[in-house]
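What follows is a short report on a single structure.
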Amino acid sequence: MARESRRGFLRKAAATGIALSADCAFGGLARARQAASPSSSPYKFYLDTRRTLPTLDRNIFGSFLEHLGRAIYEGIYDPNSKLADANGFRSDVLQEIRKLKVPIVRYPGGNFVSGYHWLDGVGPKADRSAVLDKAWNTIDTNQFGTNEFLAWCKAVGAEPLFAVNLGTGTPESAAALVEYCNVEKGTKWSDLRRKHGVAEPHNVKRWCLGNEMDGPWQIGHMSASEYGEKAADAARQMRYVDDSLQLVACGSSGPFMPTYLQWDREVLEQCFDYVDAVSLHRYFGNGKETDGDSSRFLALNLSMDKQIAEVASVCDYVQGRKKSSKRLWLSFDEWNVWYRANSGSAVNGNRQIAPHLLEEVYNLEDALLVGGLINSLVRNSNRVRVACLAQLINVIAPIMTNGNGLYRQTIYYPYSWALDYAHGAALEVLREPGATYEVPELGQVPYVDVAGTFDSAGGTVSLFLLNRDLNKSRQVEWNWESGGSSRLLAGWVLTGKDLKAVNGFDKPDRVEPQAAERPVNSGTTTRVELPPRSYSVYQWAM
Ligand code: AHR
């Protein structure tokens, strides 16, 4: 079945030596460094608040909810729960997401969307039929659909990122959904929405043109040029309805694909003129990919930097060939760690409603890599404008629910720090070569990974620091080139003795942030020691 063949496909890719990750894409200074220096000499960084990328789009800290497992049903919507509000939304989850301030949420899939008929999920609930979702072999009651999702987004303060079905769906049905959502009144589909009790248009601005259409596991999978043409047609029809849309074409499902980059080029050759962005997806594992070696695993965010650079260069190549002035942006609309709950009963719903699928349990080292991946997104924020941690609730998720409440998985913390502290623009952090270690396919990897932001409006600087060294603390020292910092506002660290430690309903605080060591200032220099196996955030008022 579709969900199984993706796994089979991944296995085949690994066996045939298709690259699962690639060379180190870190800055030139680090690349030039061949030999390790002693752990006692500090990493040296240079920060200048005048040296930044353009203001980052907060949508790079978005997330994703798919009709999959217990993400929607039991996760965010559970009318029979004692915790449900009047709309059937889980009020504890609503509160948690509101507090997090997730800016954008992709919906309704994922693989699910490629067989989804949006009309099944609108109108009086009593008239909606349960259907078999073939992507995950699950029964979907359709009690939650377009209007419920958009009401939920409003309730949590998030923008929707809607995916349309370009698997079994047609460009016409995609344009009809835009009409249903965005036209005020006086047309067939807008009047249907009004009949369904929603007078005001939703004005959904960002749309994904299908999902992972390069994958043989995808319902409606097709060749790059077929998809490129279909995406162009869908984009044209959708824009005839609303010309203010921002549209994302499906790029490769990841570097493991044999058609990686070639797919992106062929697709864009067909639809470049009609779209604004291309998608990237990536899931990282610590099994076969790394031989279970945590040092290798913690370096994998560098292959996210590389993937971004590669896909961006394909966009630029097609732009050049077309002699266009339009520069596409990137939508990294699925990323996370995911390698345990990805086969057998973890991906097969056995025709149940809301089965337990993809319920990955995250440990400390997963959270450290998620921190590194956030660093990669921040330093590529001149090109990536949307990115979605896949996913948000119960399914490969930072938040897990049961009938009585919720708990935060380890990966919740680096994600929430990005949302709390990464404001303004990414700092272009200069660094001197520091100690490195060798990682197959990535080359020399620095033990310390850094990203930073400067918020001129709020007058704050934040630094995000990953220490990949499993055994030693590492000193870092940075020079404030545009003047010294004034006041430390926050300092948190996620670390622990056991990289495999997890949270759960039994012990929700096994892995939790601790107050970080206070940095020491001397003139325009600040120094701090990062504990081994750690991810830290510091924020200063400037
Ligand atoms: O996020 C889980 C699944 O991973 C999505 O449905 C699909 O797009 C990807 O393969």
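Naming scheme: A, B, ... for chains in displayed order of the structure tokens; residues 1 onward per chain; ligands 1 onward as shown.
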Q: Give me the residues within 12 Å of Val198 in chain A as a PyMOL selection string, counting only C-alpha atoms and dropping any in the same chain fewer than 2 places off.
A: chain A and resi 122-124+146-148+150-151+180-185+189-196+200-202
**Q.** Nearby residues, ligand 1, 7 Å, only C-alpha atoms and all ligand atoms, as an MDAnalysis selection string
**A.** chainID A and resid 66 109:112 211:212 334 390:391
Using the selection just defined, write its residues with N, CA, C and O atoms as a tab-separated table (two decimals), in the first residue's frame.
chain	number	residue	atom	x	y	z
A	66	GLU	N	-2.13	17.00	9.74
A	66	GLU	CA	-2.66	16.17	8.66
A	66	GLU	C	-3.80	15.32	9.21
A	66	GLU	O	-3.80	14.96	10.39
A	109	GLY	N	-2.95	17.69	4.44
A	109	GLY	CA	-1.90	16.68	4.27
A	109	GLY	C	-0.81	17.31	3.45
A	109	GLY	O	-0.96	18.46	2.99
A	110	GLY	N	0.30	16.59	3.28
A	110	GLY	CA	0.53	15.21	3.53
A	110	GLY	C	-0.08	14.29	2.45
A	110	GLY	O	-0.80	14.67	1.56
A	111	ASN	N	0.34	13.04	2.60
A	111	ASN	CA	-0.15	11.99	1.70
A	111	ASN	C	-1.68	11.96	1.66
A	111	ASN	O	-2.27	11.61	0.64
A	112	PHE	N	-2.29	12.30	2.78
A	112	PHE	CA	-3.75	12.26	2.86
A	112	PHE	C	-4.40	13.11	1.77
A	112	PHE	O	-5.41	12.74	1.18
A	211	ASN	N	1.05	17.33	-2.93
A	211	ASN	CA	2.02	16.87	-1.93
A	211	ASN	C	2.88	15.74	-2.49
A	211	ASN	O	2.34	14.76	-3.04
A	212	GLU	N	4.19	15.88	-2.40
A	212	GLU	CA	5.16	14.81	-2.73
A	212	GLU	C	4.76	14.04	-3.99
A	212	GLU	O	4.75	12.80	-4.00
A	334	GLU	N	7.76	20.38	5.30
A	334	GLU	CA	7.78	19.21	6.21
A	334	GLU	C	9.23	18.99	6.63
A	334	GLU	O	10.09	18.74	5.77
A	390	ALA	N	6.95	19.11	11.11
A	390	ALA	CA	5.94	18.09	10.82
A	390	ALA	C	6.00	17.02	11.90
A	390	ALA	O	7.01	16.32	11.98
A	391	GLN	N	4.96	16.95	12.70
A	391	GLN	CA	3.73	17.70	12.69
A	391	GLN	C	3.53	18.35	14.07
A	391	GLN	O	4.51	18.44	14.80
Q: Report as a PyMOL selection string: the residues of range 347-410 of chain A with a DSSP assignment of strand (DSSP E or B), based on the backbone of this structure.
A: chain A and resi 353+363+384-390+393+399-402+405-408
Produce a file of the selected residues containing all heavy atoms, as a compact mmCIF listing (two decimals), in the first residue's frame.
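File written: part_34.txt
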# COMPACT_ATOMS: atom_id res chain seq x y z
N ILE A 353 -10.89 4.55 13.16
CA ILE A 353 -10.98 6.02 13.29
C ILE A 353 -9.92 6.46 14.30
O ILE A 353 -9.82 5.87 15.37
CB ILE A 353 -12.39 6.42 13.78
CG1 ILE A 353 -13.45 6.01 12.75
CG2 ILE A 353 -12.46 7.92 14.07
CD1 ILE A 353 -14.88 6.14 13.25
N ASN A 363 13.54 11.76 22.09
CA ASN A 363 14.48 11.80 23.22
C ASN A 363 15.30 13.09 23.19
O ASN A 363 15.09 13.95 22.34
CB ASN A 363 15.34 10.53 23.24
CG ASN A 363 16.19 10.40 21.98
OD1 ASN A 363 16.49 11.39 21.33
ND2 ASN A 363 16.56 9.17 21.63
N VAL A 384 14.29 30.85 2.64
CA VAL A 384 13.16 30.05 3.14
C VAL A 384 12.18 31.01 3.81
O VAL A 384 12.54 31.72 4.74
CB VAL A 384 13.64 28.99 4.16
CG1 VAL A 384 12.48 28.14 4.65
CG2 VAL A 384 14.71 28.10 3.54
N ARG A 385 10.95 31.03 3.32
CA ARG A 385 9.97 31.95 3.92
C ARG A 385 8.90 31.22 4.71
O ARG A 385 8.19 31.82 5.51
CB ARG A 385 9.28 32.77 2.83
CG ARG A 385 10.18 33.80 2.26
CD ARG A 385 9.35 34.98 1.79
NE ARG A 385 10.05 35.65 0.74
CZ ARG A 385 9.48 36.26 -0.28
NH1 ARG A 385 8.16 36.28 -0.37
NH2 ARG A 385 10.19 36.84 -1.19
N VAL A 386 8.74 29.93 4.41
CA VAL A 386 7.79 29.12 5.18
C VAL A 386 8.51 27.82 5.51
O VAL A 386 9.23 27.27 4.67
CB VAL A 386 6.52 28.81 4.35
CG1 VAL A 386 5.66 27.77 5.05
CG2 VAL A 386 5.72 30.07 4.08
N ALA A 387 8.33 27.34 6.73
CA ALA A 387 8.82 26.00 7.08
C ALA A 387 7.87 25.44 8.13
O ALA A 387 7.36 26.20 8.97
CB ALA A 387 10.24 26.05 7.60
N CYS A 388 7.62 24.14 8.05
CA CYS A 388 6.63 23.54 8.95
C CYS A 388 7.25 22.35 9.68
O CYS A 388 7.64 21.37 9.03
CB CYS A 388 5.40 23.07 8.18
SG CYS A 388 4.64 24.38 7.20
N LEU A 389 7.33 22.47 11.00
CA LEU A 389 7.71 21.32 11.80
C LEU A 389 6.60 20.29 11.63
O LEU A 389 5.43 20.57 11.92
CB LEU A 389 7.83 21.72 13.27
CG LEU A 389 8.07 20.59 14.26
CD1 LEU A 389 9.43 19.94 14.05
CD2 LEU A 389 7.94 21.08 15.69
N ALA A 390 6.95 19.11 11.11
CA ALA A 390 5.94 18.09 10.82
C ALA A 390 6.00 17.02 11.90
O ALA A 390 7.01 16.32 11.98
CB ALA A 390 6.19 17.48 9.45
N ILE A 393 0.56 17.82 16.63
CA ILE A 393 -0.07 17.11 17.76
C ILE A 393 -0.12 15.60 17.47
O ILE A 393 -0.62 15.19 16.41
CB ILE A 393 -1.54 17.57 17.98
CG1 ILE A 393 -1.67 19.09 17.98
CG2 ILE A 393 -2.13 16.97 19.26
CD1 ILE A 393 -1.16 19.79 19.19
N ILE A 399 3.75 17.80 20.82
CA ILE A 399 2.72 17.75 21.87
C ILE A 399 1.91 16.48 21.74
O ILE A 399 1.44 16.15 20.64
CB ILE A 399 1.79 18.99 21.77
CG1 ILE A 399 2.61 20.27 21.99
CG2 ILE A 399 0.63 18.91 22.75
CD1 ILE A 399 1.90 21.53 21.55
N MET A 400 1.74 15.77 22.85
CA MET A 400 0.97 14.51 22.84
C MET A 400 -0.22 14.66 23.78
O MET A 400 -0.11 15.27 24.85
CB MET A 400 1.85 13.35 23.34
CG MET A 400 3.11 13.11 22.54
SD MET A 400 2.83 12.66 20.82
CE MET A 400 2.27 10.98 20.97
N THR A 401 -1.33 14.05 23.36
CA THR A 401 -2.53 14.14 24.20
C THR A 401 -3.01 12.75 24.60
O THR A 401 -2.74 11.76 23.91
CB THR A 401 -3.70 14.82 23.46
OG1 THR A 401 -4.12 13.98 22.37
CG2 THR A 401 -3.33 16.18 22.92
N ASN A 402 -3.75 12.69 25.71
CA ASN A 402 -4.62 11.55 25.99
C ASN A 402 -5.94 12.14 26.48
O ASN A 402 -6.14 13.36 26.40
CB ASN A 402 -3.99 10.55 26.97
CG ASN A 402 -3.81 11.12 28.36
OD1 ASN A 402 -4.32 12.19 28.67
ND2 ASN A 402 -3.09 10.40 29.21
N GLY A 405 -5.32 15.03 29.25
CA GLY A 405 -4.46 16.20 29.13
C GLY A 405 -3.40 16.03 28.06
O GLY A 405 -3.56 15.22 27.13
N LEU A 406 -2.32 16.76 28.21
CA LEU A 406 -1.25 16.72 27.22
C LEU A 406 0.10 16.78 27.91
O LEU A 406 0.20 17.16 29.08
CB LEU A 406 -1.40 17.88 26.22
CG LEU A 406 -1.39 19.31 26.74
CD1 LEU A 406 0.01 19.85 26.98
CD2 LEU A 406 -2.09 20.22 25.72
N TYR A 407 1.14 16.40 27.18
CA TYR A 407 2.50 16.66 27.68
C TYR A 407 3.38 17.10 26.53
O TYR A 407 3.02 16.93 25.36
CB TYR A 407 3.07 15.44 28.42
CG TYR A 407 3.60 14.33 27.54
CD1 TYR A 407 4.95 14.32 27.15
CD2 TYR A 407 2.80 13.31 27.09
CE1 TYR A 407 5.44 13.31 26.34
CE2 TYR A 407 3.28 12.29 26.29
CZ TYR A 407 4.61 12.30 25.92
OH TYR A 407 5.09 11.31 25.11
N ARG A 408 4.51 17.71 26.88
CA ARG A 408 5.44 18.25 25.89
C ARG A 408 6.58 17.27 25.67
O ARG A 408 7.29 16.93 26.63
CB ARG A 408 6.01 19.57 26.38
CG ARG A 408 4.95 20.61 26.61
CD ARG A 408 5.49 21.76 27.40
NE ARG A 408 4.51 22.83 27.46
CZ ARG A 408 4.71 23.99 28.07
NH1 ARG A 408 5.87 24.23 28.67
NH2 ARG A 408 3.77 24.91 28.06
(Q) From the options A:Gly75, A:Gly254, A:Gly228, A:Gly504, which residue's atoms come nearest to Asp273 in chain A, counting only C-alpha atoms? (A)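 Among A:Gly75, A:Gly254, A:Gly228, A:Gly504, it is A:Gly228 that comes nearest to Asp273 in chain A.
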Q. Within 7 Å of Glu529 in chain A, counting only C-alpha atoms, which residues qualify if same-chain residues fewer than 4 places away don't, as a ChimeraX atom specification?
A. /A:473-476
Keeping only C-alpha atoms, write those residues as a PDB file, in the first residue's frame.
ATOM      1  CA  SER A 473      31.856  21.273  27.371  1.00  0.00           C
ATOM      2  CA  ARG A 474      32.913  23.855  24.769  1.00  0.00           C
ATOM      3  CA  GLN A 475      33.774  27.461  25.376  1.00  0.00           C
ATOM      4  CA  VAL A 476      32.401  30.082  23.052  1.00  0.00           C
TER       5      VAL A 476
END
Q | Distance criterion (only C-alpha atoms): nearest to Leu364 in chain A out of A:Phe332, A:Tyr535, A:Phe272, A:Trp540 | A |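 Closest to Leu364 in chain A of all the choices is A:Tyr535.
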Residues within 12 Å of Gln143 in chain A, please, as a short mmCIF file (atom, residue, chain, number, x, y, z; two decimals) with all heavy atoms, in the first residue's frame. Count only C-alpha atoms; anything in the same chain fewer than 4 positions from it doesn't count.
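Output (part.cif):
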data_model
loop_
_atom_site.label_atom_id
_atom_site.label_comp_id
_atom_site.auth_asym_id
_atom_site.auth_seq_id
_atom_site.Cartn_x
_atom_site.Cartn_y
_atom_site.Cartn_z
N HIS A 67 -4.75 14.99 8.36
CA HIS A 67 -5.73 13.97 8.74
C HIS A 67 -4.97 12.65 8.78
O HIS A 67 -4.88 11.94 7.79
CB HIS A 67 -6.86 13.90 7.72
CG HIS A 67 -7.87 15.00 7.86
ND1 HIS A 67 -9.19 14.77 8.21
CD2 HIS A 67 -7.76 16.34 7.74
CE1 HIS A 67 -9.84 15.92 8.28
NE2 HIS A 67 -9.00 16.89 7.98
N ILE A 72 -5.75 15.20 14.08
CA ILE A 72 -6.98 16.00 14.08
C ILE A 72 -7.95 15.42 15.12
O ILE A 72 -8.26 16.06 16.12
CB ILE A 72 -7.63 15.98 12.67
CG1 ILE A 72 -6.65 16.52 11.61
CG2 ILE A 72 -8.96 16.74 12.70
CD1 ILE A 72 -6.35 17.97 11.69
N TYR A 73 -8.42 14.19 14.85
CA TYR A 73 -9.39 13.57 15.76
C TYR A 73 -8.64 13.10 17.01
O TYR A 73 -7.63 12.40 16.90
CB TYR A 73 -10.10 12.42 15.05
CG TYR A 73 -10.78 12.89 13.76
CD1 TYR A 73 -10.24 12.58 12.51
CD2 TYR A 73 -11.92 13.69 13.82
CE1 TYR A 73 -10.85 13.02 11.34
CE2 TYR A 73 -12.54 14.13 12.66
CZ TYR A 73 -12.01 13.80 11.42
OH TYR A 73 -12.61 14.25 10.28
N GLU A 74 -9.14 13.50 18.17
CA GLU A 74 -8.50 13.27 19.48
C GLU A 74 -7.39 14.26 19.77
O GLU A 74 -7.08 14.53 20.90
CB GLU A 74 -7.93 11.84 19.64
CG GLU A 74 -8.98 10.79 19.80
CD GLU A 74 -8.42 9.44 20.26
OE1 GLU A 74 -7.28 9.36 20.77
OE2 GLU A 74 -9.16 8.46 20.08
N TYR A 77 -9.42 18.03 17.77
CA TYR A 77 -10.90 18.01 17.71
C TYR A 77 -11.40 16.74 18.38
O TYR A 77 -11.04 15.63 17.97
CB TYR A 77 -11.33 18.03 16.24
CG TYR A 77 -12.83 17.97 16.02
CD1 TYR A 77 -13.62 19.10 16.24
CD2 TYR A 77 -13.44 16.80 15.59
CE1 TYR A 77 -15.00 19.05 16.04
CE2 TYR A 77 -14.81 16.74 15.38
CZ TYR A 77 -15.58 17.86 15.61
OH TYR A 77 -16.94 17.81 15.41
N ASP A 78 -12.18 16.90 19.42
CA ASP A 78 -12.65 15.73 20.17
C ASP A 78 -13.93 16.13 20.92
O ASP A 78 -13.91 16.35 22.14
CB ASP A 78 -11.55 15.28 21.16
CG ASP A 78 -11.80 13.87 21.65
OD1 ASP A 78 -12.85 13.29 21.30
OD2 ASP A 78 -10.93 13.35 22.38
N PRO A 79 -15.04 16.24 20.18
CA PRO A 79 -16.26 16.79 20.80
C PRO A 79 -16.73 16.02 22.02
O PRO A 79 -17.41 16.59 22.88
CB PRO A 79 -17.29 16.75 19.67
CG PRO A 79 -16.70 15.97 18.56
CD PRO A 79 -15.23 15.90 18.77
N ASN A 87 -17.04 24.25 20.25
CA ASN A 87 -16.83 23.82 18.86
C ASN A 87 -16.31 22.39 18.74
O ASN A 87 -16.05 21.92 17.64
CB ASN A 87 -15.78 24.73 18.17
CG ASN A 87 -16.30 26.13 18.00
OD1 ASN A 87 -17.43 26.33 17.56
ND2 ASN A 87 -15.48 27.12 18.36
N GLY A 88 -16.09 21.75 19.87
CA GLY A 88 -15.51 20.41 19.84
C GLY A 88 -13.98 20.44 19.82
O GLY A 88 -13.33 19.41 19.72
N PHE A 89 -13.40 21.64 19.92
CA PHE A 89 -11.93 21.75 19.93
C PHE A 89 -11.41 21.44 21.33
O PHE A 89 -12.02 21.87 22.33
CB PHE A 89 -11.47 23.16 19.55
CG PHE A 89 -11.89 23.61 18.17
CD1 PHE A 89 -12.07 24.97 17.89
CD2 PHE A 89 -12.10 22.69 17.15
CE1 PHE A 89 -12.44 25.40 16.63
CE2 PHE A 89 -12.48 23.12 15.87
CZ PHE A 89 -12.66 24.46 15.62
N TRP A 118 -12.48 17.65 -0.85
CA TRP A 118 -12.79 18.66 0.18
C TRP A 118 -14.29 18.80 0.40
O TRP A 118 -14.73 19.15 1.49
CB TRP A 118 -12.14 20.00 -0.16
CG TRP A 118 -12.62 20.68 -1.41
CD1 TRP A 118 -12.08 20.60 -2.65
CD2 TRP A 118 -13.74 21.57 -1.52
NE1 TRP A 118 -12.78 21.37 -3.54
CE2 TRP A 118 -13.81 21.99 -2.87
CE3 TRP A 118 -14.70 22.07 -0.63
CZ2 TRP A 118 -14.79 22.86 -3.34
CZ3 TRP A 118 -15.67 22.94 -1.09
CH2 TRP A 118 -15.71 23.33 -2.44
N LEU A 119 -15.08 18.46 -0.63
CA LEU A 119 -16.54 18.58 -0.47
C LEU A 119 -17.08 17.59 0.57
O LEU A 119 -18.15 17.81 1.14
CB LEU A 119 -17.22 18.35 -1.82
CG LEU A 119 -17.40 19.60 -2.69
CD1 LEU A 119 -17.83 19.22 -4.10
CD2 LEU A 119 -18.40 20.57 -2.06
N ASP A 120 -16.34 16.49 0.80
CA ASP A 120 -16.77 15.53 1.83
C ASP A 120 -16.73 16.14 3.23
O ASP A 120 -17.37 15.63 4.16
CB ASP A 120 -15.83 14.30 1.86
CG ASP A 120 -15.98 13.43 0.62
OD1 ASP A 120 -16.98 13.58 -0.09
OD2 ASP A 120 -15.09 12.60 0.39
N GLY A 121 -15.95 17.21 3.39
CA GLY A 121 -15.72 17.76 4.74
C GLY A 121 -16.38 19.11 4.98
O GLY A 121 -15.94 19.84 5.86
N VAL A 122 -17.39 19.45 4.17
CA VAL A 122 -18.11 20.72 4.42
C VAL A 122 -19.61 20.44 4.48
O VAL A 122 -20.07 19.38 4.03
CB VAL A 122 -17.81 21.79 3.33
CG1 VAL A 122 -16.35 22.24 3.40
CG2 VAL A 122 -18.15 21.28 1.93
N GLY A 123 -20.36 21.41 5.02
CA GLY A 123 -21.81 21.24 5.12
C GLY A 123 -22.22 20.66 6.45
O GLY A 123 -21.37 20.40 7.32
N PRO A 124 -23.53 20.45 6.62
CA PRO A 124 -24.02 19.94 7.91
C PRO A 124 -23.31 18.64 8.29
O PRO A 124 -23.20 17.73 7.46
CB PRO A 124 -25.51 19.68 7.64
CG PRO A 124 -25.83 20.50 6.42
CD PRO A 124 -24.58 20.63 5.62
N LYS A 125 -22.85 18.56 9.52
CA LYS A 125 -22.05 17.41 9.94
C LYS A 125 -22.83 16.10 9.82
O LYS A 125 -22.26 15.06 9.49
CB LYS A 125 -21.53 17.60 11.36
CG LYS A 125 -20.46 18.67 11.42
CD LYS A 125 -19.80 18.72 12.77
CE LYS A 125 -18.71 19.78 12.73
NZ LYS A 125 -18.02 19.93 13.99
N ALA A 126 -24.13 16.18 10.07
CA ALA A 126 -24.94 14.95 10.02
C ALA A 126 -24.97 14.37 8.61
O ALA A 126 -25.18 13.16 8.43
CB ALA A 126 -26.35 15.25 10.50
N ASP A 127 -24.76 15.21 7.60
CA ASP A 127 -24.82 14.72 6.21
C ASP A 127 -23.47 14.26 5.68
O ASP A 127 -23.36 13.84 4.53
CB ASP A 127 -25.31 15.85 5.28
CG ASP A 127 -26.72 16.29 5.63
OD1 ASP A 127 -27.39 15.55 6.38
OD2 ASP A 127 -27.13 17.39 5.18
N ARG A 128 -22.42 14.40 6.47
CA ARG A 128 -21.10 14.04 5.95
C ARG A 128 -20.85 12.54 6.13
O ARG A 128 -21.11 11.98 7.19
CB ARG A 128 -20.00 14.82 6.69
CG ARG A 128 -20.14 16.32 6.54
CD ARG A 128 -18.96 17.03 7.15
NE ARG A 128 -19.24 18.44 7.43
CZ ARG A 128 -18.46 19.24 8.11
NH1 ARG A 128 -17.32 18.79 8.62
NH2 ARG A 128 -18.80 20.51 8.31
N SER A 129 -20.31 11.92 5.08
CA SER A 129 -20.06 10.48 5.15
C SER A 129 -18.66 10.19 5.65
O SER A 129 -17.73 10.95 5.34
CB SER A 129 -20.17 9.85 3.77
OG SER A 129 -21.37 10.19 3.18
N ALA A 130 -18.53 9.07 6.34
CA ALA A 130 -17.19 8.58 6.69
C ALA A 130 -16.60 7.98 5.41
O ALA A 130 -17.31 7.35 4.63
CB ALA A 130 -17.30 7.53 7.77
N VAL A 131 -15.32 8.19 5.21
CA VAL A 131 -14.68 7.64 4.00
C VAL A 131 -13.40 6.89 4.38
O VAL A 131 -12.84 7.10 5.46
CB VAL A 131 -14.31 8.74 2.97
CG1 VAL A 131 -15.54 9.49 2.47
CG2 VAL A 131 -13.29 9.71 3.54
N ILE A 139 -10.24 5.28 8.64
CA ILE A 139 -11.57 5.83 8.38
C ILE A 139 -11.59 7.28 8.86
O ILE A 139 -11.29 7.57 10.03
CB ILE A 139 -12.67 5.02 9.13
CG1 ILE A 139 -12.65 3.55 8.68
CG2 ILE A 139 -14.05 5.66 8.91
CD1 ILE A 139 -12.91 3.31 7.19
N ASN A 147 -13.99 24.32 7.03
CA ASN A 147 -14.45 25.42 7.90
C ASN A 147 -14.02 25.23 9.35
O ASN A 147 -13.69 26.21 10.04
CB ASN A 147 -15.97 25.59 7.80
CG ASN A 147 -16.36 26.11 6.42
OD1 ASN A 147 -15.74 27.04 5.90
ND2 ASN A 147 -17.36 25.49 5.80
N GLU A 148 -13.99 23.96 9.78
CA GLU A 148 -13.56 23.70 11.16
C GLU A 148 -12.07 24.07 11.30
O GLU A 148 -11.66 24.69 12.29
CB GLU A 148 -13.77 22.23 11.56
CG GLU A 148 -15.22 21.84 11.77
CD GLU A 148 -15.99 21.64 10.46
OE1 GLU A 148 -15.36 21.30 9.44
OE2 GLU A 148 -17.24 21.83 10.46
N PHE A 149 -11.28 23.68 10.30
CA PHE A 149 -9.85 23.99 10.39
C PHE A 149 -9.62 25.50 10.42
O PHE A 149 -8.82 26.01 11.21
CB PHE A 149 -9.06 23.36 9.23
CG PHE A 149 -7.61 23.74 9.23
CD1 PHE A 149 -6.77 23.32 10.26
CD2 PHE A 149 -7.08 24.57 8.24
CE1 PHE A 149 -5.43 23.70 10.29
CE2 PHE A 149 -5.74 24.95 8.26
CZ PHE A 149 -4.91 24.51 9.28
N ILE A 353 -10.89 4.55 13.16
CA ILE A 353 -10.98 6.02 13.29
C ILE A 353 -9.92 6.46 14.30
O ILE A 353 -9.82 5.87 15.37
CB ILE A 353 -12.39 6.42 13.78
CG1 ILE A 353 -13.45 6.01 12.75
CG2 ILE A 353 -12.46 7.92 14.07
CD1 ILE A 353 -14.88 6.14 13.25
#
Q: Write out as a list in words which residues come within 9 Å of range 94-101 of chain A when counting only C-alpha atoms, dropping same-chain ones fewer than 4 positions away.
A: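 Contacts, in chain order: Ile76, Phe89, Arg90, Trp152, Ala155, Val156, Gly157, Ala158, Ile399, Tyr415, Ser416, Leu419 and Asp420 of chain A.
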Mind writing the picked residues with C-alpha atoms as a compact mmCIF listing (two decimals), in the first residue's frame?
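The new file part_3.txt reads:
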# COMPACT_ATOMS: atom_id res chain seq x y z
CA ILE A 76 -7.27 19.09 18.19
CA PHE A 89 -11.93 21.75 19.93
CA ARG A 90 -9.65 20.49 22.69
CA TRP A 152 -9.43 26.52 14.65
CA ALA A 155 -8.89 30.51 17.52
CA VAL A 156 -5.14 29.89 17.87
CA GLY A 157 -4.06 32.93 15.84
CA ALA A 158 -2.35 30.96 13.04
CA ILE A 399 2.72 17.75 21.87
CA TYR A 415 10.76 24.79 18.74
CA SER A 416 9.22 26.99 21.43
CA LEU A 419 8.98 31.06 18.54
CA ASP A 420 9.86 32.99 21.69
Q: Mind checking which residues fall within 10 Å of Lys230 in chain A, counting only C-alpha atoms, ignoring those fewer than 3 positions away in the same chain, and posting them as a ChimeraX atom specification?
A: /A:166-167,170-171,209-210,222,224-227,233-236,267,270-271
Selection to disk with C-alpha atoms, as a PDB file, in the first residue's frame:
ATOM      1  CA  LEU A 166      -3.470  17.204  -7.248  1.00  0.00           C
ATOM      2  CA  GLY A 167      -3.408  13.398  -6.971  1.00  0.00           C
ATOM      3  CA  THR A 170      -8.346  18.219 -10.664  1.00  0.00           C
ATOM      4  CA  PRO A 171      -7.228  21.816 -11.185  1.00  0.00           C
ATOM      5  CA  LEU A 209      -0.105  22.548  -5.174  1.00  0.00           C
ATOM      6  CA  GLY A 210      -0.346  18.921  -4.067  1.00  0.00           C
ATOM      7  CA  MET A 222       3.087  11.221 -12.008  1.00  0.00           C
ATOM      8  CA  ALA A 224       7.747  15.672 -13.359  1.00  0.00           C
ATOM      9  CA  SER A 225       6.549  17.165 -16.613  1.00  0.00           C
ATOM     10  CA  GLU A 226       2.993  15.835 -16.120  1.00  0.00           C
ATOM     11  CA  TYR A 227       2.933  17.297 -12.628  1.00  0.00           C
ATOM     12  CA  ASP A 233      -3.020  24.653 -14.869  1.00  0.00           C
ATOM     13  CA  ALA A 234      -4.165  24.505 -11.233  1.00  0.00           C
ATOM     14  CA  ALA A 235      -2.202  27.665 -10.441  1.00  0.00           C
ATOM     15  CA  ARG A 236      -3.729  29.506 -13.406  1.00  0.00           C
ATOM     16  CA  VAL A 267       8.611  20.814 -12.687  1.00  0.00           C
ATOM     17  CA  GLN A 270       6.670  23.819 -16.703  1.00  0.00           C
ATOM     18  CA  CYS A 271       5.206  25.976 -13.965  1.00  0.00           C
TER      19      CYS A 271
END
Q | Every residue of range 269-392 of chain A that DSSP places in alpha helix (DSSP H), as a ChimeraX atom specification | A | /A:269-271,294-297,301-321,364-379
Q.
So that I can check the surroundings of Gly287 in chain A, please list as a list in words every protein, DNA and RNA residue that reaches within 10 Å of it, counting only C-alpha atoms and ignoring chain neighbours fewer than 4 positions away.
A.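 Everything that qualifies: Asp291, Gly292, Asp293, Ser294, Phe297, Tyr339 and Arg340 of chain A.
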